[in-house]
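Data file: run17.cif. Format and content: mmCIF, C-alpha atoms.
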```cif
data_data
#
loop_
_atom_site.label_atom_id
_atom_site.label_comp_id
_atom_site.auth_asym_id
_atom_site.auth_seq_id
_atom_site.Cartn_x
_atom_site.Cartn_y
_atom_site.Cartn_z
CA MET A 503 -1.52 -11.37 45.78
CA ASN A 504 1.44 -9.59 44.21
CA THR A 505 1.50 -5.83 44.53
CA VAL A 506 4.01 -3.12 43.84
CA SER A 507 4.07 -0.07 46.08
CA GLU A 508 4.42 3.44 44.75
CA THR A 509 8.00 3.37 46.01
CA GLY A 510 8.73 -0.06 44.52
CA SER A 511 11.83 -0.45 42.40
CA SER A 512 12.12 -1.50 38.77
CA ALA A 513 13.31 -4.89 40.06
CA ASP A 514 9.90 -5.29 41.74
CA LEU A 515 8.19 -4.65 38.41
CA LEU A 516 10.38 -7.17 36.63
CA ARG A 517 9.70 -9.76 39.31
CA LEU A 518 5.96 -9.15 39.01
CA ALA A 519 6.17 -9.61 35.24
CA ARG A 520 7.94 -12.94 35.69
CA GLU A 521 5.46 -14.14 38.30
CA THR A 522 2.37 -13.24 36.27
CA PRO A 523 3.28 -14.14 32.69
CA GLY A 524 -0.28 -14.92 31.68
CA ALA A 525 -1.61 -11.41 32.17
CA PHE A 526 1.29 -9.82 30.33
CA ALA A 527 1.08 -12.37 27.50
CA TRP A 528 -2.61 -11.74 26.99
CA GLY A 529 -2.02 -8.01 27.10
CA ARG A 530 0.60 -8.35 24.39
CA ARG A 531 -1.70 -10.51 22.29
CA ALA A 532 -4.56 -8.05 22.65
CA LEU A 533 -2.28 -5.22 21.54
CA LEU A 534 -1.15 -7.15 18.46
CA LEU A 535 -4.69 -8.11 17.49
CA GLY A 536 -5.79 -4.53 18.08
CA THR A 537 -3.03 -3.33 15.75
CA ALA A 538 -4.20 -5.76 13.06
CA PHE A 539 -7.79 -4.55 13.40
CA ALA A 540 -6.67 -0.92 13.39
CA GLY A 541 -4.74 -1.56 10.17
CA PHE A 542 -7.88 -2.99 8.59
CA ALA A 543 -10.03 -0.09 9.80
CA ILE A 544 -7.58 2.61 8.70
CA THR A 545 -6.97 1.00 5.31
CA THR A 546 -10.69 0.57 4.68
CA TRP A 547 -11.39 4.15 5.75
CA LEU A 548 -8.67 5.65 3.57
CA VAL A 549 -8.76 3.53 0.41
CA GLY A 550 -11.80 1.28 0.55
CA TRP A 551 -13.09 -2.17 1.43
CA ARG A 552 -11.07 -4.03 -1.17
CA GLN A 553 -7.76 -2.84 0.23
CA GLY A 554 -9.01 -3.54 3.74
CA LEU A 555 -9.75 -7.14 2.76
CA LEU A 556 -6.33 -7.44 1.12
CA TRP A 557 -4.79 -6.23 4.39
CA CYS A 558 -6.55 -9.11 6.17
CA ILE A 559 -5.36 -11.57 3.51
CA GLY A 560 -1.82 -10.28 3.99
CA VAL A 561 -2.04 -10.76 7.76
CA GLY A 562 -3.21 -14.31 7.03
CA TYR A 563 -0.16 -14.94 4.86
CA GLY A 564 2.12 -13.80 7.65
CA LEU A 565 0.36 -15.92 10.27
CA ALA A 566 0.52 -19.05 8.12
CA LEU A 567 4.14 -18.61 7.06
CA SER A 568 5.51 -17.65 10.47
CA ALA A 569 3.49 -20.01 12.67
CA ALA A 570 4.51 -23.07 10.65
CA ALA A 571 7.97 -21.81 9.60
CA PHE A 572 6.75 -22.50 6.07
CA GLY A 573 9.77 -21.80 3.94
CA PHE A 574 10.09 -22.08 0.17
CA THR A 575 13.84 -21.61 0.52
CA THR A 576 14.23 -24.13 3.34
CA GLY A 577 12.02 -26.67 1.60
CA TRP A 578 14.30 -26.63 -1.41
CA ARG A 579 17.50 -26.66 0.65
CA VAL A 580 16.60 -29.63 2.83
CA TRP A 581 15.75 -31.61 -0.28
CA ILE A 582 19.10 -30.73 -1.87
CA THR A 583 21.08 -31.52 1.29
CA ASP A 584 19.02 -34.19 3.11
CA ARG A 585 16.53 -35.53 0.55
CA ASP A 586 13.69 -34.46 2.84
CA PRO A 587 10.71 -33.88 0.52
CA LYS A 588 8.09 -32.68 3.02
CA GLY A 589 8.70 -28.97 2.44
CA LEU A 590 8.37 -29.33 -1.33
CA TRP A 591 5.30 -31.52 -0.96
CA ALA A 592 3.65 -28.83 1.17
CA GLN A 593 4.44 -26.25 -1.50
CA PHE A 594 2.84 -28.46 -4.15
CA VAL A 595 -0.27 -28.83 -1.98
CA GLY A 596 -0.59 -25.06 -1.57
CA ILE A 597 -0.11 -24.49 -5.31
CA ALA A 598 -2.62 -27.21 -6.18
CA ILE A 599 -5.30 -25.78 -3.89
CA ALA A 600 -4.80 -22.27 -5.28
CA MET A 601 -4.88 -23.70 -8.80
CA VAL A 602 -8.12 -25.63 -8.34
CA PHE A 603 -9.88 -22.36 -7.51
CA SER A 604 -7.90 -19.93 -9.66
CA VAL A 605 -7.86 -21.66 -13.06
CA PRO A 606 -11.69 -22.02 -13.33
CA LEU A 607 -12.08 -18.41 -12.19
CA LEU A 608 -9.65 -17.21 -14.84
CA GLY A 609 -11.43 -19.27 -17.48
CA THR A 610 -14.85 -17.77 -16.71
CA HIS A 611 -13.97 -14.24 -15.59
CA PRO A 612 -11.83 -12.42 -18.18
CA GLU A 613 -11.54 -9.40 -15.89
CA LEU A 614 -9.22 -11.43 -13.63
CA GLN A 615 -5.51 -11.46 -14.46
CA GLY A 616 -3.13 -14.39 -14.03
CA ALA A 617 0.56 -14.16 -13.14
CA ASP A 618 1.63 -14.21 -16.77
CA GLY A 619 5.26 -13.46 -17.59
CA PRO A 620 7.14 -13.47 -20.91
CA LEU A 621 9.58 -16.25 -21.74
CA SER A 622 12.68 -14.11 -21.84
CA ILE A 623 16.42 -14.19 -21.35
CA SER A 624 15.84 -12.07 -18.27
CA LEU A 625 13.58 -14.83 -16.89
CA LEU A 626 16.29 -17.48 -17.26
CA VAL A 627 19.04 -15.31 -15.77
CA GLY A 628 16.90 -13.74 -13.06
CA ALA A 629 15.38 -17.01 -11.81
CA PHE A 630 18.79 -18.73 -11.62
CA VAL A 631 20.37 -15.82 -9.72
CA PHE A 632 17.37 -15.58 -7.41
CA GLY A 633 17.57 -19.28 -6.60
CA ALA A 634 21.21 -18.93 -5.60
CA ALA A 635 20.76 -15.69 -3.67
CA MET A 636 17.79 -16.90 -1.65
CA GLN A 637 19.88 -19.72 -0.17
CA VAL A 638 22.57 -17.26 0.93
CA ALA A 639 19.94 -14.88 2.33
CA ASP A 640 17.98 -17.76 3.90
CA GLY A 641 14.75 -16.49 2.44
CA CYS A 642 12.90 -15.71 -0.78
CA GLY A 643 10.47 -12.79 -1.05
CA SER A 644 7.88 -14.14 1.37
CA GLY A 645 10.55 -15.70 3.57
CA THR A 646 12.45 -12.45 3.91
CA LEU A 647 9.25 -10.60 4.79
CA TYR A 648 7.94 -13.01 7.38
CA LYS A 649 11.32 -13.51 9.03
CA ALA A 650 11.96 -9.76 9.10
CA GLY A 651 8.51 -9.28 10.65
CA ALA A 652 9.39 -11.89 13.28
CA GLY A 653 12.75 -10.23 14.01
CA HIS A 654 15.22 -12.56 12.27
CA PRO A 655 18.53 -10.64 12.35
CA ILE A 656 19.77 -11.73 8.91
CA SER A 657 16.41 -11.03 7.26
CA LEU A 658 16.37 -7.57 8.84
CA ALA A 659 19.65 -6.92 7.00
CA VAL A 660 18.39 -8.49 3.75
CA PHE A 661 15.02 -6.69 3.71
CA PRO A 662 16.07 -3.08 2.90
CA ALA A 663 18.59 -4.33 0.33
CA PHE A 664 15.77 -6.36 -1.28
CA VAL A 665 13.65 -3.22 -1.51
CA PHE A 666 16.27 -1.23 -3.40
CA GLY A 667 17.36 -4.21 -5.49
CA SER A 668 13.78 -4.60 -6.66
CA PHE A 669 13.62 -0.90 -7.52
CA PHE A 670 16.80 -1.03 -9.60
CA GLY A 671 15.78 -4.30 -11.26
CA ALA A 672 12.49 -2.78 -12.41
CA ALA A 673 14.29 0.36 -13.62
CA GLN A 674 16.50 -1.76 -15.90
CA LEU A 675 13.94 -4.38 -16.90
CA PRO A 676 13.17 -2.85 -20.34
CA ALA A 677 16.85 -3.09 -21.29
CA TRP A 678 16.91 -6.76 -20.29
CA LEU A 679 13.75 -7.51 -22.27
CA ALA A 680 15.40 -5.99 -25.34
CA LEU A 681 17.88 -8.90 -25.25
CA GLY A 682 15.11 -11.25 -26.33
CA ALA A 683 11.67 -12.33 -25.17
CA LEU A 684 8.73 -14.40 -26.33
CA PRO A 685 5.16 -13.48 -25.35
CA PRO A 686 3.63 -14.98 -22.19
CA VAL A 687 1.99 -18.38 -22.58
CA ASP A 688 -1.31 -18.61 -20.70
CA LEU A 689 -2.16 -22.30 -20.49
CA VAL A 690 -5.76 -21.53 -19.56
CA LYS A 691 -6.23 -19.81 -22.92
CA VAL A 692 -4.12 -22.28 -24.87
CA LEU A 693 -5.42 -25.55 -23.40
CA GLY A 694 -8.63 -24.63 -21.63
CA VAL A 695 -9.60 -24.87 -17.97
CA TRP A 696 -9.89 -28.61 -17.42
CA GLN A 697 -6.93 -29.50 -19.62
CA THR A 698 -4.76 -27.02 -17.71
CA LEU A 699 -5.84 -28.48 -14.39
CA THR A 700 -5.20 -32.02 -15.63
CA VAL A 701 -1.75 -31.28 -17.04
CA GLN A 702 -0.52 -29.19 -14.14
CA LEU A 703 -1.94 -31.31 -11.32
CA GLY A 704 -0.50 -34.34 -13.10
CA ALA A 705 2.91 -32.66 -13.30
CA LEU A 706 2.85 -31.82 -9.58
CA ALA A 707 1.79 -35.37 -8.74
CA ALA A 708 4.59 -36.79 -10.90
CA LEU A 709 7.16 -34.57 -9.17
CA ALA A 710 5.81 -35.53 -5.75
CA THR A 711 6.08 -39.22 -6.67
CA LEU A 712 9.66 -38.75 -7.86
CA LEU A 713 10.55 -37.05 -4.57
CA TRP A 714 8.96 -39.95 -2.70
CA ARG A 715 11.09 -42.48 -4.56
CA LEU A 716 14.31 -40.52 -3.98
CA ARG A 717 13.59 -39.48 -0.39
CA SER A 718 15.82 -40.15 2.59
CA ARG A 719 14.56 -42.43 5.36
CA GLN A 720 15.68 -39.98 8.04
CA PRO A 721 13.05 -38.07 10.12
CA SER A 722 11.73 -34.96 8.40
CA ARG A 723 12.65 -31.46 9.52
CA TRP A 724 8.92 -30.68 9.72
CA GLN A 725 7.16 -32.59 12.49
CA GLY A 726 3.41 -32.60 13.02
CA GLY A 727 0.71 -31.18 10.81
CA ALA A 728 1.47 -27.44 10.99
CA VAL A 729 3.16 -27.30 7.59
CA TRP A 730 0.12 -28.93 5.95
CA ILE A 731 -2.28 -26.52 7.64
CA ALA A 732 -0.12 -23.64 6.42
CA ALA A 733 -0.09 -25.07 2.88
CA VAL A 734 -3.89 -25.27 2.79
CA ALA A 735 -4.19 -21.77 4.26
CA LEU A 736 -1.79 -20.30 1.70
CA GLY A 737 -3.63 -21.99 -1.14
CA LEU A 738 -7.00 -20.63 -0.01
CA LEU A 739 -5.59 -17.17 0.69
CA GLY A 740 -3.92 -17.15 -2.73
CA ALA A 741 -7.28 -17.87 -4.40
CA ALA A 742 -8.95 -15.18 -2.27
CA ASN A 743 -6.22 -12.74 -3.33
CA LEU A 744 -7.13 -13.32 -6.97
CA VAL A 745 -10.83 -12.74 -6.31
CA VAL A 746 -10.40 -9.60 -4.20
CA ALA A 747 -7.50 -7.93 -6.03
CA GLY A 748 -8.23 -9.22 -9.52
CA GLN A 749 -4.62 -10.46 -9.64
CA PRO A 750 -2.64 -13.25 -7.92
CA TRP A 751 -0.51 -13.02 -4.80
CA GLY A 752 2.77 -11.23 -5.40
CA ILE A 753 5.59 -9.80 -3.32
CA VAL A 754 8.33 -8.00 -5.22
CA TYR A 755 6.47 -5.25 -7.08
CA GLY A 756 5.37 -3.74 -3.79
CA LEU A 757 8.93 -3.76 -2.45
CA GLY A 758 10.26 -2.10 -5.59
CA LEU A 759 7.52 0.50 -5.37
CA TRP A 760 8.62 1.31 -1.80
CA GLY A 761 12.14 1.79 -3.10
CA GLY A 762 10.84 4.06 -5.85
CA LYS A 763 8.90 6.18 -3.39
CA ILE A 764 11.99 6.56 -1.20
CA VAL A 765 14.18 7.51 -4.17
CA GLN A 766 11.56 9.96 -5.39
CA ALA A 767 11.26 11.50 -1.92
CA LEU A 768 15.03 12.09 -2.00
CA GLY A 769 14.53 14.30 -5.04
CA VAL A 770 15.34 11.92 -7.89
CA ASP A 771 13.20 12.50 -10.98
CA LEU A 772 11.97 9.13 -12.24
CA ARG A 773 9.77 10.47 -15.04
CA HIS A 774 12.35 9.65 -17.70
CA ASN A 775 13.10 6.11 -16.59
CA ALA A 776 11.97 3.46 -19.08
CA PHE A 777 9.94 1.64 -16.40
CA TRP A 778 9.18 4.03 -13.56
CA GLY A 779 8.42 6.80 -16.02
CA LEU A 780 5.47 4.93 -17.53
CA PRO A 781 2.11 6.59 -16.78
CA ALA A 782 0.88 3.60 -14.72
CA GLN A 783 4.04 3.58 -12.60
CA GLN A 784 4.01 7.34 -12.13
CA ALA A 785 0.44 7.05 -10.86
CA GLN A 786 1.54 4.40 -8.35
CA LEU A 787 4.51 6.48 -7.21
CA HIS A 788 2.25 9.43 -6.45
CA ALA A 789 -0.58 7.43 -4.89
CA SER A 790 -0.84 6.15 -1.33
CA VAL A 791 1.14 2.98 -0.70
CA LEU A 792 -2.07 1.53 0.75
CA ALA A 793 -3.70 1.75 -2.69
CA ASP A 794 -1.25 -0.74 -4.23
CA ASN A 795 -2.51 -4.33 -4.09
CA THR A 796 0.91 -5.91 -3.57
CA SER A 797 2.08 -3.35 -1.03
CA ILE A 798 -0.95 -3.79 1.21
CA THR A 799 -0.56 -7.57 1.41
CA ASP A 800 3.19 -7.16 2.03
CA LEU A 801 2.47 -4.84 4.95
CA GLY A 802 -0.16 -7.21 6.33
CA LEU A 803 2.29 -10.11 5.99
CA LEU A 804 4.87 -8.30 8.10
CA LEU A 805 2.37 -7.75 10.90
CA GLY A 806 0.94 -11.27 10.65
CA ALA A 807 4.44 -12.70 11.04
CA LEU A 808 5.03 -10.52 14.09
CA ILE A 809 1.75 -11.66 15.65
CA ALA A 810 2.59 -15.33 15.12
CA ALA A 811 6.12 -14.92 16.49
CA ARG A 812 5.03 -13.01 19.58
CA TRP A 813 1.82 -14.90 20.32
CA ARG A 814 3.65 -17.45 22.42
CA GLY A 815 6.49 -15.16 23.35
CA LYS A 816 8.82 -16.66 20.76
CA ALA A 817 11.23 -14.52 18.81
CA TYR A 818 14.55 -14.87 17.08
CA ALA A 819 17.57 -14.34 19.27
CA ARG A 820 19.21 -10.97 19.04
CA VAL A 821 22.68 -11.49 17.64
CA ARG A 822 25.39 -9.27 16.25
CA LEU A 823 26.23 -9.96 12.62
CA ASN A 824 29.92 -9.99 11.85
CA ALA A 825 31.11 -7.95 8.90
CA ARG A 826 31.28 -10.94 6.57
CA THR A 827 27.75 -12.13 7.32
CA TRP A 828 26.37 -8.61 7.16
CA ALA A 829 27.99 -7.96 3.77
CA ALA A 830 26.82 -11.31 2.38
CA SER A 831 23.26 -10.61 3.58
CA VAL A 832 23.15 -7.16 2.01
CA LEU A 833 24.59 -8.37 -1.30
CA ALA A 834 22.20 -11.32 -1.33
CA GLY A 835 19.29 -8.95 -0.66
CA LEU A 836 20.27 -6.71 -3.55
CA ALA A 837 20.58 -9.75 -5.82
CA LEU A 838 17.19 -11.07 -4.67
CA GLY A 839 15.41 -7.81 -5.41
CA TYR A 840 17.15 -7.18 -8.72
CA SER A 841 16.83 -10.72 -10.10
CA SER A 842 13.20 -11.12 -9.03
CA ARG A 843 12.21 -8.17 -11.19
CA LEU A 844 14.06 -9.64 -14.18
CA ALA A 845 12.29 -12.97 -13.61
CA PHE A 846 8.81 -11.44 -13.11
CA GLY A 847 8.46 -12.59 -9.54
CA CYS A 848 9.91 -14.60 -6.69
CA ASN A 849 8.83 -17.95 -5.25
CA VAL A 850 5.42 -16.39 -4.71
CA GLY A 851 4.74 -14.22 -7.75
CA ALA A 852 6.39 -16.51 -10.32
CA TYR A 853 6.52 -20.04 -8.88
CA PHE A 854 3.46 -20.26 -6.60
CA SER A 855 1.11 -17.86 -8.38
CA GLY A 856 2.55 -18.47 -11.84
CA ILE A 857 1.85 -22.21 -11.78
CA ALA A 858 -1.41 -21.75 -9.84
CA THR A 859 -2.80 -19.45 -12.56
CA GLY A 860 -1.55 -21.47 -15.53
CA SER A 861 1.42 -19.39 -16.66
CA LEU A 862 4.14 -21.39 -18.44
CA HIS A 863 6.77 -19.00 -17.14
CA GLY A 864 6.07 -20.31 -13.61
CA TRP A 865 7.39 -23.73 -14.59
CA VAL A 866 10.43 -22.24 -16.34
CA TRP A 867 11.11 -20.09 -13.27
CA PHE A 868 10.88 -23.15 -10.99
CA GLY A 869 13.43 -25.13 -13.00
CA CYS A 870 15.94 -22.29 -13.33
CA ALA A 871 15.62 -21.18 -9.71
CA PHE A 872 16.04 -24.73 -8.43
CA LEU A 873 19.28 -25.08 -10.37
CA GLY A 874 20.37 -21.78 -8.88
CA SER A 875 19.56 -23.08 -5.41
CA VAL A 876 21.94 -26.00 -5.89
CA LEU A 877 24.70 -23.42 -6.40
CA GLY A 878 23.35 -21.31 -3.53
CA VAL A 879 23.58 -24.20 -1.06
CA ARG A 880 27.26 -24.57 -1.94
CA LEU A 881 27.77 -20.84 -1.45
CA ARG A 882 26.21 -21.13 2.02
CA ARG A 883 28.79 -23.72 2.91
CA ARG A 884 31.64 -21.60 1.56
CA LEU A 885 30.39 -18.65 3.62
CA SER A 886 29.91 -20.91 6.68
CA ILE A 887 26.25 -19.90 7.01
CA GLN A 888 24.51 -22.20 9.46
CA GLY A 889 21.00 -23.65 9.26
#
```
Show me this structure written as structure tokens.
Amino acid sequence: MNTVSETGSSADLLRLARETPGAFAWGRRALLLGTAFAGFAITTWLVGWRQGLLWCIGVGYGLALSAAAFGFTTGWRVWITDRDPKGLWAQFVGIAIAMVFSVPLLGTHPELQGADGPLSISLLVGAFVFGAAMQVADGCGSGTLYKAGAGHPISLAVFPAFVFGSFFGAAQLPAWLALGALPPVDLVKVLGVWQTLTVQLGALAALATLLWRLRSRQPSRWQGGAVWIAAVALGLLGAANLVVAGQPWGIVYGLGLWGGKIVQALGVDLRHNAFWGLPAQQAQLHASVLADNTSITDLGLLLGALIAARWRGKAYARVRLNARTWAASVLAGLALGYSSRLAFGCNVGAYFSGIATGSLHGWVWFGCAFLGSVLGVRLRRRLSIQG
């Protein structure tokens, strides 16, 4: 039996830790699970059961994304570079599952809100820029969050820049909309529930078939069934998000709100801003961050990613970013945050939730962002970013 005397050295403690990894691992796991439960209890106590449930849904997002390394950005990139379709197929599966639940709910419960966005110039520009920037940053909104939660060094640099980019993008969104915009097109209202499901599931199936025909014969980056489990989990959690919050899963509004709260705390008066000065936004800026539906799932996602990364003792290596990589990461983060507000969401709020809830802007976002990603992959090469 290993013991350490009262006069034992720190080396003795380190040796004991190495010789009894199981006990320390389970202690770490218990601490992480306890933190997740404490977050649920505190959130429920302070702001109610609904926000407590959204915290749990957010933790679920983080677990699914991090455990399977489920990446929207990576899925697109490996198709562009290697013709590996598995990542995109998994995304389509997640969207389809969320859609099968969400569209009928939206058709029968008018109190629920889909991820509707206007068809605007800002959507075209923002989605294209976002698609390029996410390849440089190696993460979209959800990817940046889950990788930052797991300790990815580049994402830790991107994350704060994303927050302030989202804040500034929202602040200038009214000016962008003035350049030209058509009203949102809600396919559920235009076509009906079953027609929307038929058209959109058919479109996803057609895209999946096209990817199959054009695929490479090389082994896929994703081995095993983890990515499919994550896709199913994300689809079910996305539908649960709609039921509990009354709105679909989103990422970027919460990050912009955090930026607004920081700017406001520094003494900046946002009451006269065209966006942040609106009564609804002023109420959010002065309310608890736990009361915001998007913020609470973002916070849960960060912790869920940390739990998944640390559960088996895995974490990203600690590396020093050189000046070039650091600057590129920060600039990419600013571009991600800013452009996502112009485009009414990221891969989650616009692409995943937009299509899953029958918003035409989700399809437009997907096309523009994918074109942007083709450029972004080339920028990665120019900047010598690996992975």
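Every residue that the PyMOL selection byres ((chain A and resi 577) around 8) selects in this file is listed here: Gly573, Phe574, Thr575, Thr576, Trp578, Arg579, Val580, Trp581, Pro587, Lys588, Gly589 and Leu590 of chain A.
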Of the candidates A:Ala598, A:Cys848, A:Val638, A:Ala571, which one gets nearest to Ala705 in chain A if we count only C-alpha atoms?
A:Ala598
Distance in Å - CA of Phe603 in chain A versus CA of Asn743 in chain A
11.1 Å
Kindly resolve the PyMOL selection byres ((chain A and resi 795-812) around 6) on the present coordinates and return the residues as a short mmCIF file (atom, residue, chain, number, x, y, z; two decimals) with C-alpha atoms, keeping the file's coordinate frame.
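And here's result.cif as it stands now:
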```
data_model
loop_
_atom_site.label_atom_id
_atom_site.label_comp_id
_atom_site.auth_asym_id
_atom_site.auth_seq_id
_atom_site.Cartn_x
_atom_site.Cartn_y
_atom_site.Cartn_z
CA LEU A 556 -6.33 -7.44 1.12
CA TRP A 557 -4.79 -6.23 4.39
CA GLY A 560 -1.82 -10.28 3.99
CA VAL A 561 -2.04 -10.76 7.76
CA TYR A 563 -0.16 -14.94 4.86
CA GLY A 564 2.12 -13.80 7.65
CA LEU A 565 0.36 -15.92 10.27
CA SER A 568 5.51 -17.65 10.47
CA ALA A 569 3.49 -20.01 12.67
CA LEU A 647 9.25 -10.60 4.79
CA TYR A 648 7.94 -13.01 7.38
CA GLY A 651 8.51 -9.28 10.65
CA ALA A 652 9.39 -11.89 13.28
CA GLY A 752 2.77 -11.23 -5.40
CA GLY A 756 5.37 -3.74 -3.79
CA LEU A 792 -2.07 1.53 0.75
CA ASP A 794 -1.25 -0.74 -4.23
CA TRP A 813 1.82 -14.90 20.32
CA ARG A 814 3.65 -17.45 22.42
CA GLY A 815 6.49 -15.16 23.35
CA LYS A 816 8.82 -16.66 20.76
CA ALA A 817 11.23 -14.52 18.81
#
```
Name all residues at most 7 Å from Gly609 in chain A (count all atoms listed in the file; drop same-chain ones fewer than 4 positions away) and give them as an NGL selection string.
:A and (605 or 690 or 695)
Skipping near chain neighbours, those fewer than 4 positions away, what residues fall within 12 Å of Leu716 in chain A using all atoms listed in the file, listed as a PyMOL selection string?
chain A and resi 581-582+584-587+709-712
Write out as a PyMOL selection string the residues lying within 9 Å of range 837-846 of chain A, counting only C-alpha atoms and excluding same-chain residues fewer than 2 positions away.
chain A and resi 617-620+622-636+639+642-643+660+663-672+674-675+678-679+754-755+757-758+832-835+848-849+851-852+863+867
Which residues, written as a ChimeraX atom specification, have at least one atom at most 8 Å from Phe572 in chain A, with all atoms listed in the file counted and residues fewer than 4 positions away on the same chain left out?
/A:566-568,589,729,732-733
Could you check which of A:Tyr853, A:Gly641, A:Ala570, A:Leu614 is closest to Gly878 in chain A, using all atoms listed in the file?
A:Gly641
Evaluate the PyMOL selection byres ((chain A and resi 763) around 12) on the structure here and hand back the selected residues as a ChimeraX atom specification.
/A:665-666,669,756-762,764-772,778,783-791,797
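With distances restricted to all atoms listed in the file, A:Leu621 is the closest residue to Val866 in chain A from A:Leu621, A:Pro662, A:Ile887, A:Lys691.
CA of Gly596 in chain A lies 24.1 Å from CA of Gln720 in chain A.
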CA of Gly860 in chain A to CA of Leu689 in chain A, straight-line distance in Å
5.1 Å
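Take the candidates A:Ile559, A:Val701, A:Ala673, A:Leu658 and check each one against His774 in chain A using only C-alpha atoms; the shortest distance goes to A:Ala673.
Each of A:Ala659, A:Ser861, A:Arg715, A:Gly874 was compared to Ala829 in chain A using only C-alpha atoms, and A:Ala659 turns out to be the nearest.
When only C-alpha atoms are used to compute distances to Val745 in chain A, the closest of the residues A:Leu607, A:Arg531, A:Ile597, A:Arg884 turns out to be A:Leu607.
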How would range 870-888 of chain A read, as an mmCIF file, keeping the file's coordinate frame, once N, CA and C atoms are built in?
```cif
data_model
loop_
_atom_site.group_PDB
_atom_site.id
_atom_site.type_symbol
_atom_site.label_atom_id
_atom_site.label_comp_id
_atom_site.auth_asym_id
_atom_site.auth_seq_id
_atom_site.Cartn_x
_atom_site.Cartn_y
_atom_site.Cartn_z
ATOM 1 N N CYS A 870 14.725 -23.108 -13.373
ATOM 2 C CA CYS A 870 15.940 -22.290 -13.330
ATOM 3 C C CYS A 870 16.317 -21.929 -11.902
ATOM 4 N N ALA A 871 15.337 -21.573 -11.094
ATOM 5 C CA ALA A 871 15.620 -21.180 -9.710
ATOM 6 C C ALA A 871 16.099 -22.372 -8.898
ATOM 7 N N PHE A 872 15.586 -23.560 -9.177
ATOM 8 C CA PHE A 872 16.040 -24.730 -8.430
ATOM 9 C C PHE A 872 17.494 -25.038 -8.746
ATOM 10 N N LEU A 873 17.871 -24.909 -10.006
ATOM 11 C CA LEU A 873 19.280 -25.080 -10.370
ATOM 12 C C LEU A 873 20.146 -24.039 -9.665
ATOM 13 N N GLY A 874 19.646 -22.817 -9.597
ATOM 14 C CA GLY A 874 20.370 -21.780 -8.880
ATOM 15 C C GLY A 874 20.515 -22.097 -7.412
ATOM 16 N N SER A 875 19.498 -22.732 -6.823
ATOM 17 C CA SER A 875 19.560 -23.080 -5.410
ATOM 18 C C SER A 875 20.631 -24.122 -5.122
ATOM 19 N N VAL A 876 20.868 -25.016 -6.072
ATOM 20 C CA VAL A 876 21.940 -26.000 -5.890
ATOM 21 C C VAL A 876 23.271 -25.270 -5.717
ATOM 22 N N LEU A 877 23.495 -24.239 -6.547
ATOM 23 C CA LEU A 877 24.700 -23.420 -6.400
ATOM 24 C C LEU A 877 24.658 -22.644 -5.088
ATOM 25 N N GLY A 878 23.479 -22.108 -4.742
ATOM 26 C CA GLY A 878 23.350 -21.310 -3.530
ATOM 27 C C GLY A 878 23.658 -22.090 -2.269
ATOM 28 N N VAL A 879 23.279 -23.359 -2.227
ATOM 29 C CA VAL A 879 23.580 -24.200 -1.060
ATOM 30 C C VAL A 879 25.089 -24.345 -0.903
ATOM 31 N N ARG A 880 25.800 -24.480 -2.008
ATOM 32 C CA ARG A 880 27.260 -24.570 -1.940
ATOM 33 C C ARG A 880 27.865 -23.250 -1.472
ATOM 34 N N LEU A 881 27.277 -22.145 -1.910
ATOM 35 C CA LEU A 881 27.770 -20.840 -1.450
ATOM 36 C C LEU A 881 27.569 -20.684 0.042
ATOM 37 N N ARG A 882 26.453 -21.179 0.571
ATOM 38 C CA ARG A 882 26.210 -21.130 2.020
ATOM 39 C C ARG A 882 27.333 -21.833 2.771
ATOM 40 N N ARG A 883 27.724 -22.977 2.262
ATOM 41 C CA ARG A 883 28.790 -23.720 2.910
ATOM 42 C C ARG A 883 30.115 -22.957 2.860
ATOM 43 N N ARG A 884 30.395 -22.372 1.699
ATOM 44 C CA ARG A 884 31.640 -21.600 1.560
ATOM 45 C C ARG A 884 31.666 -20.421 2.534
ATOM 46 N N LEU A 885 30.493 -19.811 2.742
ATOM 47 C CA LEU A 885 30.390 -18.650 3.620
ATOM 48 C C LEU A 885 30.175 -19.060 5.079
ATOM 49 N N SER A 886 30.114 -20.369 5.327
ATOM 50 C CA SER A 886 29.910 -20.910 6.680
ATOM 51 C C SER A 886 28.636 -20.389 7.315
ATOM 52 N N ILE A 887 27.565 -20.299 6.501
ATOM 53 C CA ILE A 887 26.250 -19.900 7.010
ATOM 54 C C ILE A 887 25.550 -21.125 7.551
ATOM 55 N N GLN A 888 25.110 -21.062 8.798
ATOM 56 C CA GLN A 888 24.510 -22.200 9.460
ATOM 57 C C GLN A 888 23.007 -22.268 9.176
#
```
